[in-house]
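Chemist: I have a structure I would like to understand better, so I am pasting it below and will then ask my questions one at a time.
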Amino acid sequence: MTEKFEPKITAFVCNWCTYAGADLTGTSRIKYQSNVRVLRVPCTGRIDFMLLMKAFQKGTDGVIVSGCHPNDCHYTSGNYHARRRWMVYKDLMDFMGVDTNRVTFSWVSAAEGARWAQLVNEVTDNIRNLGPYAEYKELAVAGIE
Amino acid sequence: MADTFKLTHENLDSLFAALRKDGRRILAPVDGDGRTELNEVEKPSQVAKGYIQTIMSAKDVVFPKVERLLSYTTAPGTVELHDAEPKALPTVLFGVRPCEAKAFGALDAVFNWDYRDKFFNARLEKMAVIGVSCLKADDACFCTSLGGGPADTAGSDILLTPIESGYLAEVLTVKGKAIQALAPNLFTPGNGVDKAAIAAKLEQAFDQPALTAKLPGMFENELWEDQALRCIGCGACAYVCPTCVCFDIQEEADPKQGQRLRCWDSCGFSMFTLHASGHNPRETQSARWRQRIYHKFSTYPERYQMLGCVGCGKCTRACPVDMNLREHLVEAANV
Amino acid sequence: MEALKQKAKELLQNGDVKAVLGYAVGTAGVRRPHFARNPKQVDALVLDEKCTQNLATYLTKHEVKHLGKVAVVALPATQRALLQLVAERQLRDDAICLLAVDGGEVKTLSSGAEVEQHLALKTDAMPAADKAMIEKLMAMTREQRWAYWQQELSRCVKCYACRNSCPMCYCEHCTMDCNRPQWVPVASHALGNLEYHMVRAMHLAGRCVECGECGRACPVGIPVHLLTFFAEESTAKQFGQRAGHTAKLDYALSTFKPDDKETFIR
Amino acid sequence: MTEKNIYLPYLMRITKITEESPAVKTFRLEFVDEVAAQNFDFKTGQFGLYSAFGEGESTFCIASSPTRKGYIECTFREVGRVTAALADKEVGDIVGFRGPYGNVFPLEAWKGKNLVFIAGGIALPPLRSVIWNCLDLRDWFKDITVVYGARSVADLVYKHELKEWTERPDIKLVTTVDPGGETPDWTGKVGFVPPVVEQLGLSAENTVAIVCGPPIMIKLTLPVLEKLGFAPDQIYTTLENRMKCGLGKCGRCNTGSSYVCKDGPVYTLAQLNELPAEY
Amino acid sequence: MSRIGVFTCHCGENIGATVDCAKVSEMCQHIPGVVHSVDYKYMCSDPGQRMMQEAIKEHSLDGVVVAACSPRMHEPTFRRAVSNAGVNPYMCEMANLREHCSWVHEKSEATTQKAADLIRVLVEKVKHNTPLFPIKVPVTKTAMVVGGGVAGIQVALDIANGGHKVILVEKSPSIGGHMSQLSETFPTLDCSQCILTPRMVEAAQHPNITLMTYSEVEKVDGFIGNFKVTVRKKARKLDEKLCTGCGLCIQKCPNKKISDEFNEGLGTRTAIYVPFPQAVPNKPVIDTLNCTFYKTGKCKVCEKVCPTNAIRFEQEDELVTLDIGAIVLATGFKLMKTEAFPEYGYGKHKDIIDGMQFERLASASGPTAGVMKRPSDGKEPETVVFIACSGSRDRSKGVPYCSKVCCMYTAKHAMLYKHKVHSGKAYVFYMDIRASGKDYDEFVRRAIEEDDVKYIRGRVSKIYEEDGKLIVKGADTLMGGEQVEIKADMVVLATAVQSNDRSEELAQTLHVSYDTYGFFAEAHPKLRPVETNTGGIFLAGACQAPRDIPESVAQASAAAAKVLGLFSQDQLTREPIVAVVNRQAGPTFSYCVGCFLCQTACPYQAIEQEHITARNGDVIKTIARINPGLCQGCGTCVATCRTKAIDLQGFSNEQLYAEIMTL
Ligand SMILES: Cc1cc2nc3c(=O)[nH]c(=O)nc-3n(C[C@H](O)[C@H](O)[C@H](O)COP(=O)(O)OP(=O)(O)OC[C@H]3O[C@@H](n4cnc5c(N)ncnc54)[C@H](O)[C@@H]3O)c2cc1C
Ligand SMILES: Cc1cc2nc3c(=O)[nH]c(=O)nc-3n(C[C@H](O)[C@H](O)[C@H](O)COP(=O)(O)OP(=O)(O)OC[C@H]3O[C@@H](n4cnc5c(N)ncnc54)[C@H](O)[C@@H]3O)c2cc1C
Ligand code: SF4
Ligand code: SF4
Ligand code: SF4
Ligand code: SF4
Ligand code: SF4
Ligand code: SF4
């Protein structure tokens, strides 16, 4: 493999804050790296941990999960529920040996266009340094005779 | 009739070396973490001592828990199919018990009944069994009730019976002979040891032919519901069973490519026969439990003129709620 | 023991219950669940430290529900499971009849509230060995933990004994059975096994009553209970809510506090 | 020795799709491979496993008649993962097909007899194959009567063919819909299948009845047939136990020692009476 | 399905300059399911939309992906366009090539590739989209206002004037709330009764308003547009229709020494009474706790004197169930009691009073007819100390929040006192002066500058009695913490504004959220300040947080506007992005096992129980049901449900799964 490693980043973002924030990044013409693919959901509350699991199966090297800041949830408390879910899921992933450096949880509001760009760049650089997340990807082909 | 030889411990060491040199992997029961399971070994010293049975059966050598049946790539308007070739490694199964050795016959009956299953056959062909007779039996065992026995030769290519200073070796089949031919001088002439005297003693627990004869008339007996009440409907018994052959075919795919996998399944699962309409021919756990018994002791004899159970007792040992098959069969036989 | 048998017979004879679910001696002396449906079958009941199964598992099974009211010989873990089942509306008070044995005394607990009261007197923490194992795992590097679980889970055959023996895995249609979409691969390969156990542990976070039944049930000896224990401890530690302690719903993952910690959030 | 992979399907191209009723479609499938097409043969009553690549396989009977060469047809209802994926397909798309499997309707044995086909709902497909087969061998048989019922007019499948059968003199078609399922211009009967059968005044004499439909319909129709004097071995039906392989291996479809995939799907009532009721 | 069209927009140069749109369009041609893929300069323009509609017809497309700007911008546009071409609007998705791609990346291969990827993901989504139809909910155009303070009265009047029926439920015998107790009001010092009473009368006489005083909400079922509210009409022991309000009964009632709530315990009333002379309705109630007849079985004087025979001793509470479309909560607040302060003697000193008591002392209609007399001995107080922030902004002993009105009413009180007792001295202890309303700071200045009220910045540490005087000890922080000691005749504590007793209970009855202090929670602190989380229930006045009159009234009108907006439709049309619980054939009926763990996760209490019954009525299974009238489509329940029994339309499991699988 001579090709330079370009990480695959998947972002799960809520419609009202982070997606809108990322829109603002666009309208402000702030540049960031193009590795990220954004999946829009209504609310962080909708982000089932299984979605993250599947993203890793499909070879994502890094995941961003982001939504409204606490107290700013469009649905008042979806993000609070999501936050608890992440707290446990992150713990569990770590316990099972999944690399939690591969998941970045964040709050990016609709006003934080610059923050979104910064977040994506940080995560992309970080994952580029960590290298491909082979462990999980390889699971998908292992164990079949 | 089989040719009987002696195989000393040292010679067994050499036989292992010879087998490995011939490019075969040797799978044998190995102790670890309080369990005895089949694992690849290099020398006899690695083989577990004192075990009665492994928990899992050896069936995954010929019928792995997941196996690729085919794969394909798709693009708009086209599908390209790729046949799958089983990765059948030359394998010697060492130390499996006579009951388990016999079980391959029950698998063969299903896999080659009418349609021949190339995956099973490719693996079976590359496999040879060096069975080892049992000197001990436990409360789960009931091979003798099913026409087998602790030193039964059926299914083994070579059957070893431990004797002082080594083994009595019965070379039983062409495959057995081929193994012997790898190092003929290791097999020294055997004398007339009384196998039966050495092997474990296990009383016949019930009259199987009589049971088989009466099962068709007992279908509606409430015994089944009584017995099944404790069963939690998991797949442990089927998954450890050397003869259980039920499988599921599953698709794993993304928009561009996919593969079709065969994986173990169990008739005890509540979804096993469930239709999309919600209709389920075997709605209750008792119906599913009954199916397990009938399949092995009524359907098999009728269909394949053999039993679908070898009395190894693995299911009993694996069952989290101690559904003792022997005990249940005795109960049925006494109805 | 005699008191228990006496009580069991009484209940059956009076028609208060249709069966008494307890333990009996099984193969080679192991203890097995035992349904005594008539006074004669009561005689087989035993109760000693070898009895481990969480009998609450049976209370949600169709076939057992079908019997009618069942009295259950209840270890503390069984009681916790029952409370959680009540909280999750799987059992109504009028279906509860637990026989809690303390020394020679048999106590009949016939409502969630009574069980709650009874349990409050008991402390029955996670077995030391399991605790130690979790600590040992956490002391490893992440890579070592990954290797450990990969090794352990490679033996899993997806027989679902762990799930089916779990009192809290009562779902009629488990996520694993969900095929639209097929969240978790059915096959028991590396991915299918990891994801199955990950999903199950997440489902037990905040719901696991720490009976350890799943780990005990596993025919190939995978300590899967460590996963659910860990998930439960994680919720208990972070949110102060624990499963199996109250008959009222107090599920950590469907409630929240605005000031839950979020140090990991950037 | 390389054996054939019995799980490998034929690739088939969809050449025609008919929307029969809401959620029910008929595919006409032609072999992609010429040679396979040449060698392929089946008999009425048999079934196959159809693949939607990406989702899996599903079992349907072959709904076309073996007398119509060059293609096979299947009719299916969208109920789950595979059938939904199939329902998404377009003309020109490729699907997989394994088969034919199972036993057949004994047309030879029916020679010289009257035939009564009784079908309910989506269960017409297996009968459609045999009906067309019989019509194509019309002089083998005496009277052919078809009773077909559906929940509502919209649920009737093969509307074109029903029309054709009505117009043909050599087949008597009676259609009925459940009360409430009729439309203003409905000319057929209104009522459930069993009473409609009873009113027809059929004679069991030298007649075979082929019954296919939801369990409840079958259950209520059999007594009617018995009353009319049909003996169990004069009544045929097909079973639809769940199956994964179709090859007598996966272990799902058996009822007693009879494997629906091999000994079925066609059974006489006499045979079914011998089997445990696990279907 | 799966005849999908992809329409890639250049957005002039906005996308086109960075992303190779032609190439993207070409790449999309090869995605399975895509039967048509084109690019165009301005997709949102009329010709662009027309082109799209024609393509839909020509290629019989059943799904569309528009690759253009943010869906937050033009999703409605394109969904409408698609819909006009005969395709369900929810079969259209937008890939965001502008904000999420061309505007944030440099022109490159990778950027073009990303554009194609974004489209591919959405094509997979569209394949799993299903046509959705707006949800219609009927609206009962009757509002209920709970609480008849100034806020509640204002809401009722606004809605009534908007042409809709209003039911105003007030728990006490008269409407008016706290404002009716006030003497004069800041910042204008006009007489509270004078401005409020006309409103009260207007409300009582309005043809669209039904007053239900002496009544409380017992139970609320249903959802926005369709509530069923059960109200308990407490027994007045009086036939309201017969009573003319003549007051004879009150005059003759022998039981005259009952402490008077309206006068905050500073006066007395009879057992049959109206709370205050201007009460609306002016019909008495019998206080059964204090009535001699109820205590001894004898008396019935009132019955004898009543000229219209209106007294009904046997009358019972009555439960009335009403169909209501919207509810406005305006239940106000309560004041912290002086008993709460150990350092001020636990309310034992009669001359340490709270703000409301001072209002009554100052009120012309109050127990002293507006003459300044201190409660203990009726003497005119020469020195009065006012202590602001009594309990407010006090994390340790009181409440952490600012009660908002105290600064202002304390200034008002000091002024009123000075106006009545010209020689008197008024001191105010304060922490900060928060006077940020219109004319508010001027008002405080006036107190200090014109009326010579002495403001001391600091806390009072202790008050004790000595020689008939109240010694007030405190520190003046502006003078470097110098100790001050004032000998006062009366002390007025500006005690904290708190949520009403039992407000949590009421919130639970109505399924609205409340904060730690029992104030009802607004749906969004900034953008939806008068709505609650529960659709169709709104907030006005001090029940949401401490508020003064202008704010309460403004909020009341805002809530009324929301109700009128809701009532302007015969049916509510809601986006079908709602959760649904799986249903299927028996014997399973649903994947739902009825654990109801999802119920507490839902921010909108949209999850109800549904019983699946056999023909004979036996409950076979109890499962969750999502009320589409309440569900807002956040999807939190979907992620909570273990068995995947719930799914969210528009963002379903299959859709998201398909998106990920194509990553
Ligand atoms: C011999 C035979 C002939 C059949 N002929 C037809 C036919 O002509 N037309 C037709 O529409 N259907 C027919 N069926 C039923 C059809 O096989 C099922 O409806 C279909 O397999 C559902 O598959 P699915 O993958 O879409 O459902 P899934 O998403 O997989 O879920 C539904 C589950 O029900 C299972 N299932 C299996 N067998 C049946 C069954 N018999 N009925 C209902 N569910 C079943 C499926 O395997 C699956 O596991 C036939 C079945 C058999 C056995
Ligand atoms: C001492 C003091 C002086 C003040 N002076 C001024 C001033 O000068 N200027 C100014 O602008 N503001 C002043 N305020 C603030 C003012 O009183 C409030 O802003 C105003 O009363 C709020 O009105 P409301 O309708 O929200 O609540 P409230 O006036 O409290 O009215 C609520 C009503 O709801 C009723 N209620 C409560 N619970 C229920 C229930 N469960 N069911 C039915 N009915 C119920 C109550 O009986 C009451 O009638 C002062 C406040 C205090 C404490
Ligand atoms: S059924 Fe049990 S005893 Fe029989 S072969 Fe299988 S595992 Fe052995
Ligand atoms: S018999 Fe035991 S192992 Fe088998 S399904 Fe029942 S509980 Fe599981
Ligand atoms: S694993 Fe989850 S979905 Fe499955 S039974 Fe257990 S709790 Fe239910
Ligand atoms: S019991 Fe063990 S082998 Fe079976 S599914 Fe659970 S972990 Fe896997
Ligand atoms: S929808 Fe899911 S979470 Fe809600 S009650 Fe049903 S099973 Fe439980
Ligand atoms: S989607 Fe959100 S609002 Fe709707 S029912 Fe679920 S949790 Fe409640």
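Chain labels A, B, ... are given in the sequence in which chains occur in the structure tokens; within each chain residues are numbered consecutively from 1, and ligands are likewise numbered from 1 in the order shown.
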Write out as JSON, numbers by chain which residues come within 6 Å of stretch 60-69 of chain D when counting only C-alpha atoms, dropping same-chain ones fewer than 6 positions away.
Modeler: {"D": [43, 46, 47, 48, 125, 126, 128, 129, 132, 133]}
Chemist: Would you mind exporting N, CA and C atoms of the selected residues as a compact mmCIF listing (two decimals), in the first residue's frame?
Modeler:
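And here is the file that came out, again-v7.txt:
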# COMPACT_ATOMS: atom_id res chain seq x y z
N LYS D 43 -42.49 -30.28 -13.19
CA LYS D 43 -43.86 -30.76 -13.28
C LYS D 43 -44.75 -29.93 -12.37
N GLN D 46 -44.67 -28.49 -8.31
CA GLN D 46 -43.34 -28.29 -7.73
C GLN D 46 -43.10 -26.82 -7.38
N PHE D 47 -42.06 -26.63 -6.60
CA PHE D 47 -41.75 -25.27 -6.16
C PHE D 47 -40.26 -25.00 -6.33
N GLY D 48 -39.87 -23.80 -6.00
CA GLY D 48 -38.45 -23.45 -6.10
C GLY D 48 -38.09 -22.44 -5.03
N PRO D 125 -51.92 -19.52 -6.86
CA PRO D 125 -50.75 -19.82 -7.69
C PRO D 125 -50.45 -21.30 -7.89
N PRO D 126 -50.38 -22.11 -6.83
CA PRO D 126 -50.07 -23.52 -7.10
C PRO D 126 -51.12 -24.15 -8.00
N ARG D 128 -52.97 -22.55 -10.17
CA ARG D 128 -52.93 -21.98 -11.51
C ARG D 128 -52.06 -22.84 -12.41
N SER D 129 -50.94 -23.29 -11.87
CA SER D 129 -50.04 -24.13 -12.65
C SER D 129 -50.76 -25.39 -13.11
N TRP D 132 -53.75 -24.70 -15.64
CA TRP D 132 -53.32 -24.50 -17.03
C TRP D 132 -52.78 -25.80 -17.61
N ASN D 133 -52.10 -26.55 -16.80
CA ASN D 133 -51.58 -27.82 -17.27
C ASN D 133 -52.73 -28.71 -17.72
Chemist: Would you mind listing the residues within 6 Å of ligand 4, counting only C-alpha atoms and all ligand atoms, as a list in words?
Modeler: Cys231, Ile232, Gly233, Cys234, Gly235, Ala236, Cys237, Gly268, Cys319, Pro320, Val321 and Met323 of chain B
Chemist: Could you tell me how far atom CA of C:Leu191 sits from atom CA of A:Ile144, in Å to one decimal place?
Modeler: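 Here the two named atoms are 10.2 Å from each other.
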Chemist: Give one line per residue of chain C that approaches chain B to at most 7 Å, naming the two atoms of the closest pair and their distance in Å to one decimal, counting only C-alpha atoms; sort by chain then ascending residue number and deliver it as a tab-separated table.
Modeler:
residue	atom	partner	partner_atom	distance
C:Gly26	CA	B:Asp322	CA	6.6
C:Thr27	CA	B:Asp139	CA	6.1
C:Ala28	CA	B:Asp139	CA	6.1
C:Arg32	CA	B:Val321	CA	5.5
C:Pro33	CA	B:Val321	CA	6.4
C:Glu63	CA	B:Leu229	CA	6.9
C:Val157	CA	B:Lys65	CA	6.9
C:Cys159	CA	B:Gly235	CA	4.3
C:Tyr160	CA	B:Cys234	CA	5.5
C:Ala161	CA	B:Cys234	CA	4.8
C:Asn164	CA	B:Cys234	CA	5.8
C:Ser165	CA	B:Ile232	CA	6.6
C:Ala187	CA	B:Cys263	CA	5.7
C:Ser188	CA	B:Val66	CA	6.5
C:His189	CA	B:Val66	CA	6.7
C:Ala217	CA	B:Pro320	CA	4.6
C:Pro219	CA	B:Ala318	CA	4.9
C:Val220	CA	B:Ile55	CA	6.9
Chemist: Pick from E:His128, E:Gly480, E:Gly518, E:Asn533: nearest to chain C, with only C-alpha atoms counted?
Modeler: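 Selected residue with least distance to chain C: E:His128.
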Chemist: List every residue of chain C that has an atom at most 8 Å from any atom of chain A, and for each one report the closest atom pair and its distance in Å to one decimal, counting only C-alpha atoms, with rows sorted by chain and then by increasing residue number, as a Markdown table.
Modeler:
| residue | atom | partner | partner_atom | distance |
| --- | --- | --- | --- | --- |
| C:Leu137 | CA | A:Phe95 | CA | 7.6 |
| C:Met138 | CA | A:Phe95 | CA | 6.8 |
| C:Arg142 | CA | A:Gly97 | CA | 5.0 |
| C:Glu143 | CA | A:Gly97 | CA | 6.1 |
| C:Gln144 | CA | A:Gly97 | CA | 7.4 |
| C:Arg145 | CA | A:Gly97 | CA | 4.8 |
| C:Trp146 | CA | A:Gly97 | CA | 3.8 |
| C:Ala147 | CA | A:Gly97 | CA | 7.6 |
| C:Trp149 | CA | A:Met96 | CA | 6.3 |
| C:Ser154 | CA | A:Gly143 | CA | 8.0 |
| C:Trp183 | CA | A:Met50 | CA | 7.3 |
| C:Ser188 | CA | A:Gly143 | CA | 7.9 |
| C:His189 | CA | A:Gly143 | CA | 4.6 |
| C:Ala190 | CA | A:Leu139 | CA | 5.3 |
| C:Leu191 | CA | A:Leu139 | CA | 4.9 |
| C:Glu195 | CA | A:Met53 | CA | 7.6 |
| C:Met198 | CA | A:Leu92 | CA | 7.7 |
| C:Val199 | CA | A:Met50 | CA | 7.5 |
| C:Ala201 | CA | A:Leu92 | CA | 8.0 |
| C:Met202 | CA | A:Tyr89 | CA | 6.9 |
| C:Ala205 | CA | A:Val88 | CA | 7.6 |
| C:Leu227 | CA | A:Leu92 | CA | 7.7 |
| C:Phe230 | CA | A:Leu92 | CA | 7.3 |
| C:Ala231 | CA | A:Leu92 | CA | 6.2 |
| C:Ser234 | CA | A:Val88 | CA | 6.2 |
| C:Thr235 | CA | A:Val88 | CA | 6.4 |
| C:Ala252 | CA | A:Arg84 | CA | 7.9 |
| C:Leu253 | CA | A:Arg84 | CA | 6.2 |
| C:Ser254 | CA | A:His81 | CA | 6.3 |
| C:Thr255 | CA | A:His81 | CA | 6.7 |
| C:Phe256 | CA | A:Tyr80 | CA | 6.1 |
| C:Lys257 | CA | A:Tyr80 | CA | 7.4 |
| C:Pro258 | CA | A:Tyr80 | CA | 6.7 |
| C:Asp260 | CA | A:Arg84 | CA | 7.5 |
| C:Glu262 | CA | A:Arg83 | CA | 7.5 |
| C:Phe264 | CA | A:Phe105 | CA | 7.2 |
| C:Ile265 | CA | A:Phe105 | CA | 4.9 |
| C:Arg266 | CA | A:Ser106 | CA | 4.6 |
Chemist: Find the residues near D:Val260: any atom within 10 Å, counting only C-alpha atoms, skip ones fewer than 6 places away on the same chain, and give them as an mmCIF file with N, CA and C atoms, in the first residue's frame.
Modeler:
data_model
loop_
_atom_site.group_PDB
_atom_site.id
_atom_site.type_symbol
_atom_site.label_atom_id
_atom_site.label_comp_id
_atom_site.auth_asym_id
_atom_site.auth_seq_id
_atom_site.Cartn_x
_atom_site.Cartn_y
_atom_site.Cartn_z
ATOM 1 N N TYR D 101 -38.226 -28.352 -6.969
ATOM 2 C CA TYR D 101 -38.178 -29.277 -5.858
ATOM 3 C C TYR D 101 -39.582 -29.795 -5.556
ATOM 4 N N GLY D 102 -39.602 -30.905 -4.879
ATOM 5 C CA GLY D 102 -40.863 -31.422 -4.353
ATOM 6 C C GLY D 102 -41.588 -32.348 -5.318
ATOM 7 N N ASN D 103 -42.699 -32.845 -4.832
ATOM 8 C CA ASN D 103 -43.444 -33.812 -5.640
ATOM 9 C C ASN D 103 -44.449 -33.084 -6.538
ATOM 10 N N THR D 238 -51.832 -28.631 -0.914
ATOM 11 C CA THR D 238 -50.378 -28.426 -0.829
ATOM 12 C C THR D 238 -50.064 -27.756 0.497
ATOM 13 N N LEU D 239 -48.920 -28.098 1.069
ATOM 14 C CA LEU D 239 -48.492 -27.526 2.330
ATOM 15 C C LEU D 239 -47.434 -26.452 2.067
ATOM 16 N N GLU D 240 -47.295 -25.548 3.024
ATOM 17 C CA GLU D 240 -46.297 -24.483 2.875
ATOM 18 C C GLU D 240 -45.455 -24.337 4.120
ATOM 19 N N ASN D 241 -44.928 -25.421 4.617
ATOM 20 C CA ASN D 241 -44.083 -25.282 5.807
ATOM 21 C C ASN D 241 -42.824 -24.489 5.474
ATOM 22 N N ARG D 242 -42.371 -23.776 6.453
ATOM 23 C CA ARG D 242 -41.183 -22.954 6.239
ATOM 24 C C ARG D 242 -39.989 -23.838 5.883
ATOM 25 N N MET D 243 -39.224 -23.379 4.940
ATOM 26 C CA MET D 243 -38.031 -24.150 4.585
ATOM 27 C C MET D 243 -36.904 -23.234 4.138
ATOM 28 N N GLY D 246 -34.854 -26.586 0.893
ATOM 29 C CA GLY D 246 -35.646 -27.224 -0.154
ATOM 30 C C GLY D 246 -35.095 -28.583 -0.543
ATOM 31 N N LEU D 247 -34.054 -29.018 0.175
ATOM 32 C CA LEU D 247 -33.317 -30.203 -0.240
ATOM 33 C C LEU D 247 -33.384 -31.314 0.799
ATOM 34 N N GLY D 248 -34.251 -31.132 1.784
ATOM 35 C CA GLY D 248 -34.380 -32.165 2.800
ATOM 36 C C GLY D 248 -33.248 -32.184 3.800
ATOM 37 N N ARG D 252 -36.455 -27.941 8.754
ATOM 38 C CA ARG D 252 -37.600 -27.147 9.203
ATOM 39 C C ARG D 252 -38.952 -27.712 8.816
ATOM 40 N N CYS D 253 -39.019 -28.256 7.611
ATOM 41 C CA CYS D 253 -40.330 -28.397 6.994
ATOM 42 C C CYS D 253 -40.998 -29.718 7.321
ATOM 43 N N ASN D 254 -40.302 -30.609 8.025
ATOM 44 C CA ASN D 254 -40.898 -31.923 8.197
ATOM 45 C C ASN D 254 -42.097 -31.879 9.126
ATOM 46 N N VAL D 266 -47.312 -31.559 -2.292
ATOM 47 C CA VAL D 266 -48.652 -32.056 -2.602
ATOM 48 C C VAL D 266 -48.964 -33.263 -1.733
ATOM 49 N N TYR D 267 -50.075 -33.206 -1.048
ATOM 50 C CA TYR D 267 -50.514 -34.327 -0.210
ATOM 51 C C TYR D 267 -51.989 -34.599 -0.465
ATOM 52 N N TYR D 279 -48.344 -28.594 10.619
ATOM 53 C CA TYR D 279 -48.199 -27.801 9.400
ATOM 54 C C TYR D 279 -49.125 -26.620 9.459
#
Chemist: Select, as a short mmCIF file (atom, residue, chain, number, x, y, z; two decimals) with N, CA, C and O atoms, in the first residue's frame, those residues of chain D with any atom no more than 9 Å from chain E (distances computed using only C-alpha atoms).
Modeler:
data_model
loop_
_atom_site.label_atom_id
_atom_site.label_comp_id
_atom_site.auth_asym_id
_atom_site.auth_seq_id
_atom_site.Cartn_x
_atom_site.Cartn_y
_atom_site.Cartn_z
N ALA D 87 -40.14 -7.66 -4.45
CA ALA D 87 -41.18 -6.76 -4.92
C ALA D 87 -40.57 -5.46 -5.47
O ALA D 87 -41.19 -4.77 -6.26
N ASP D 88 -39.36 -5.17 -5.07
CA ASP D 88 -38.65 -3.97 -5.55
C ASP D 88 -38.08 -4.12 -6.94
O ASP D 88 -37.62 -3.16 -7.53
N LYS D 89 -38.05 -5.34 -7.42
CA LYS D 89 -37.36 -5.59 -8.70
C LYS D 89 -38.15 -5.04 -9.87
O LYS D 89 -39.35 -4.84 -9.81
N GLU D 90 -37.39 -4.84 -10.95
CA GLU D 90 -37.94 -4.29 -12.18
C GLU D 90 -37.76 -5.32 -13.29
O GLU D 90 -36.92 -6.22 -13.19
#
Chemist: Which residues are near ligand 8 in this structure, taking near to mean any atom at most 6 Å from a ligand atom and counting only C-alpha atoms and all ligand atoms? Format them as a ChimeraX atom specification.
Modeler: /E:578-579,601-604,606-607,626,631-637
Chemist: Okay, now the selection with C-alpha atoms, as a CSV table (one decimal), in the first residue's frame?
Modeler:
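Output (result-v3.csv):
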chain,number,residue,atom,x,y,z
E,578,VAL,CA,-43.6,10.4,13.9
E,579,ALA,CA,-42.8,7.2,15.7
E,601,ALA,CA,-37.7,8.4,27.4
E,602,CYS,CA,-40.3,10.4,25.4
E,603,PRO,CA,-39.9,14.1,26.0
E,604,TYR,CA,-43.5,14.6,25.0
E,606,ALA,CA,-46.5,10.6,23.6
E,607,ILE,CA,-46.4,7.0,24.5
E,626,ILE,CA,-47.6,6.4,20.0
E,631,CYS,CA,-45.2,12.8,19.1
E,632,GLN,CA,-42.7,15.3,17.7
E,633,GLY,CA,-40.5,12.8,16.0
E,634,CYS,CA,-37.3,13.0,17.9
E,635,GLY,CA,-36.8,9.2,17.8
E,636,THR,CA,-35.5,8.9,21.3
E,637,CYS,CA,-37.9,6.0,21.9
Chemist: Can you tell me which residues surround stretch 126-134 of chain A at a distance of at most 8 Å, considering only C-alpha atoms, apart from same-chain residues fewer than 3 positions away, and format the answer as a PyMOL selection string?
Modeler: chain A and resi 5-7+59-62+102+122-123+137-138
Chemist: How would the residues just chosen look if you wrote them out with C-alpha atoms as an mmCIF file, in the first residue's frame?
Modeler:
data_model
loop_
_atom_site.group_PDB
_atom_site.id
_atom_site.type_symbol
_atom_site.label_atom_id
_atom_site.label_comp_id
_atom_site.auth_asym_id
_atom_site.auth_seq_id
_atom_site.Cartn_x
_atom_site.Cartn_y
_atom_site.Cartn_z
ATOM 1 C CA PHE A 5 -4.182 6.623 4.187
ATOM 2 C CA GLU A 6 -7.285 8.724 3.966
ATOM 3 C CA PRO A 7 -9.532 8.000 6.909
ATOM 4 C CA GLY A 59 -15.055 0.219 7.738
ATOM 5 C CA THR A 60 -15.380 3.631 9.245
ATOM 6 C CA ASP A 61 -12.129 4.684 10.819
ATOM 7 C CA GLY A 62 -13.659 7.323 13.009
ATOM 8 C CA ARG A 102 -12.378 6.229 17.243
ATOM 9 C CA GLU A 122 -9.248 17.615 14.608
ATOM 10 C CA VAL A 123 -10.955 14.282 14.325
ATOM 11 C CA LYS A 137 -13.197 -4.127 9.743
ATOM 12 C CA GLU A 138 -11.444 -7.453 9.764
#
